[in-house]
Amino acid sequence: MEEFSLKDTPSFIETQFPVAKVSAESYKERKAGGSQTLVGLGNWKGRKPLVLVRAALLGMLLPSTSNPVRDREIFLKLMTMDEDGLRMRKDKAIAPDRLLEIVKDLPNHLRSSYLTVADKLRQLESTERASLQLLAFERMPYSEKLTYCQRPEHLDGPEQHEWEEINAHLGTDAHSLQELVQQLGVARFGHTPRVGDAFAGGGSIPFEAARLGAEAFASDLNPLAGLLTWASLNIIGGGKKVVEDVNSAQREVFEEVDKQVTALGVEHNSQGWRADAYLYCVEVNDPESGWKIPLLPSFVISDSNKVIVKLVAQPASKSYAIEVIERATEAEYKQALKGTTVADSRIVPPSGGFSARIDDIRRNMRQWENSDITSRPEDVFVERLYCVRWVTPNGRYFRSVSAEDLAREQKVIDTVRANFVEWQKLGYIPNRRIESGYNTDQPNRERGYTYWHQLFTPRQLLLAGLLSQAALTRVRAGLLTPQQSAGLATGLGRVINFSSRLTIWNKTPGKIEQTFYNQALNTIFNFGVRGMLYIENMYNPEMPVYKCDNSNIFVSDAKTIDSQNDIWIT
């Protein structure tokens, strides 16, 4: 290949950019939830879609020529966003009903033959079936096509036969995106392009830059961002052997802790059933009636299984038993949909009467001390376990809380208290005060929490403490690679995100949401706690395998950075 220069040539992104298609691809990636490439390491709200990063980097490296239409065609080809690329990415079959809709809209000269075969889809030969799928796919709008396609990040650019056309337009001699990025970098900057991100966050920009063959530089003031970015490049981007080693270390730690929890007997009942979810609420003393009222925003636990709760008055103790009813009748379910004991920040007494304001009740709230891991009986807000979901060979069942459940709950509390001082000293559980701030004042103002560990129930502290102990014991003994250590840290981070006093129980899908369901530390009246069965996929997730090289990660303030890079994205 003859040397060529792009030193003074405008870049593609300076003259045009296919915003609509890139936006559609970005939306698809963001809506992928847990299957996004880097989410296996931990959720980061500000993480950029990888397809957007790829588009921006290629857009800055590709030249703008005197033929803008051809420039755009080559860009889309490199992004696998052209017709050939979309056909290559198609990995899902179009449903028969949608096929028939499209066939019926065909021109007259095509409709009759295809309509005949479409009406007999089950009788089609594989070649006819493929032909009909392709015909329908090509007639869909771009956004609908994406429903049936892999994401661009899953592929390493266009197919090999496309490179002759790409090289002819660009004057390159590449056969992969990595080779192209290297050659374009040399032509534009005199060397492999250096890409920097001074606010790296979850690491999308350095990860995709390194995967494309650029030299990646990343910095962030937040140490968690530094960990996630390093892990994205060195675990997910570390190749198959690294990912296997990390998964192996995660499985080993999880299995060790699972045996400890089983031996403690705090998740199994006498029938051998194992709990995977525990539902709690806070209970308050109604100042008007003197009754203890469990604060339940809804009397429905599960929409799909019609699981509801019924409050049963106990006049002797001025309290309510909480009865869990599974597969309620339609009438019971409709009645439960209207049921609540708290609305608009006021108590809604089951017996009627005056609705006291929650803010007024908070005036007598106690500030928790470091040694507090659960509420005291005299507290304004007293935590109460009111439902357990059990896993059996025949399915999952919601049940009311029994005396045995309360005994197991007490054993959890006793176990954490027995280990509390040592675990804080060794760093297995948090030991710091909650710093004052706009959002961090909220747990203190609304619940009296003063230390970070108070955002977690005893059961959550037990599981997290045991996982931390098993991991740090291995790290301190020098038994793990840096990637395995980071994998155990990110696994624990995911568990913690889905295991706190701030995790909402979502009755519609019947699951426990993550702590940062939104960007605040909202205390809630009822919440869910995951057991070991329910955190396994959090701790040891399936991770994709890629290869990234040439990266530097720093945890530092952006104003101290003196790295020289050709491209900064921020």
# chains A, B, ... in the order shown; residues from 1 in each chain; ligands from 1
$ closest_atom_pairs --of "range 398-515 of chain A" --to "range 322-343 of chain A" --cutoff "10 Å" --atoms "only C-alpha atoms" --output "Markdown table"
| residue | atom | partner | partner_atom | distance |
| --- | --- | --- | --- | --- |
| A:Phe398 | CA | A:Glu326 | CA | 6.7 |
| A:Arg399 | CA | A:Val324 | CA | 5.8 |
| A:Ser400 | CA | A:Val324 | CA | 4.9 |
| A:Val401 | CA | A:Ile322 | CA | 8.2 |
$ closest_residue --among "A:Gln183, A:Asn370, A:Ser298, A:Thr392" --to "Gly272 in chain A" --atoms "only C-alpha atoms"
A:Thr392
$ atom_distance --atom1 "CA of Phe525 in chain A" --atom2 "CA of Ala356 in chain A"
15.3 Å
$ residues_around --residues "range 547-559 of chain A" --least-positions-apart "4" --cutoff "7 Å" --atoms "only C-alpha atoms" --output "list in words"
Ala198, Ala210, Arg211, Glu215, Ala216, Phe217, Ala218, Ser219, Asp220, Leu221, Asn222, Pro223, Gly226, Trp230, Leu233, Gly237, Gly238 and Gly239 of chain A
$ select_by_dssp --residues "range 382-419 of chain A" --states "alpha helix (DSSP H)" --output "ChimeraX atom specification"
/A:403-419
$ write_last_selection --atoms "C-alpha atoms" --output "PDB file, in the first residue's frame"
ATOM      1  CA  ALA A 403     -42.549 -18.617  63.743  1.00  0.00           C
ATOM      2  CA  GLU A 404     -39.796 -20.692  62.095  1.00  0.00           C
ATOM      3  CA  ASP A 405     -39.129 -17.863  59.626  1.00  0.00           C
ATOM      4  CA  LEU A 406     -38.794 -15.390  62.494  1.00  0.00           C
ATOM      5  CA  ALA A 407     -36.399 -17.752  64.286  1.00  0.00           C
ATOM      6  CA  ARG A 408     -34.231 -17.952  61.160  1.00  0.00           C
ATOM      7  CA  GLU A 409     -34.389 -14.162  60.873  1.00  0.00           C
ATOM      8  CA  GLN A 410     -33.134 -13.842  64.447  1.00  0.00           C
ATOM      9  CA  LYS A 411     -30.302 -16.257  63.710  1.00  0.00           C
ATOM     10  CA  VAL A 412     -29.210 -14.033  60.806  1.00  0.00           C
ATOM     11  CA  ILE A 413     -29.210 -10.999  63.123  1.00  0.00           C
ATOM     12  CA  ASP A 414     -27.244 -12.862  65.805  1.00  0.00           C
ATOM     13  CA  THR A 415     -24.672 -14.096  63.279  1.00  0.00           C
ATOM     14  CA  VAL A 416     -24.061 -10.610  61.884  1.00  0.00           C
ATOM     15  CA  ARG A 417     -23.808  -9.115  65.381  1.00  0.00           C
ATOM     16  CA  ALA A 418     -21.294 -11.779  66.405  1.00  0.00           C
ATOM     17  CA  ASN A 419     -19.070 -10.900  63.429  1.00  0.00           C
TER      18      ASN A 419
END
$ residues_around --residues "Ala471 in chain A" --least-positions-apart "6" --cutoff "9 Å" --atoms "only C-alpha atoms" --output "MDAnalysis selection string"
chainID A and resid 249:250 253 485 488:489
$ closest_residue --among "A:Leu50, A:Leu134, A:Ile347, A:Leu57" --to "Ser11 in chain A" --atoms "only C-alpha atoms"
A:Leu57
$ select_by_dssp --residues "range 190-330 of chain A" --states "strand (DSSP E or B)" --output "PyMOL selection string"
chain A and resi 194-197+215-220+238+268+274-285+292-294+300-302+307-314+319-325
$ closest_residue --among "A:Ser345, A:Asn540, A:Gln469, A:Asn67" --to "Gln424 in chain A" --atoms "only C-alpha atoms"
A:Gln469
$ closest_residue --among "A:Glu513, A:Asp84, A:Glu208, A:Glu164" --to "Ala55 in chain A" --atoms "only C-alpha atoms"
A:Glu208
$ atom_distance --atom1 "CA of Gly265 in chain A" --atom2 "CA of Ala477 in chain A"
29.1 Å
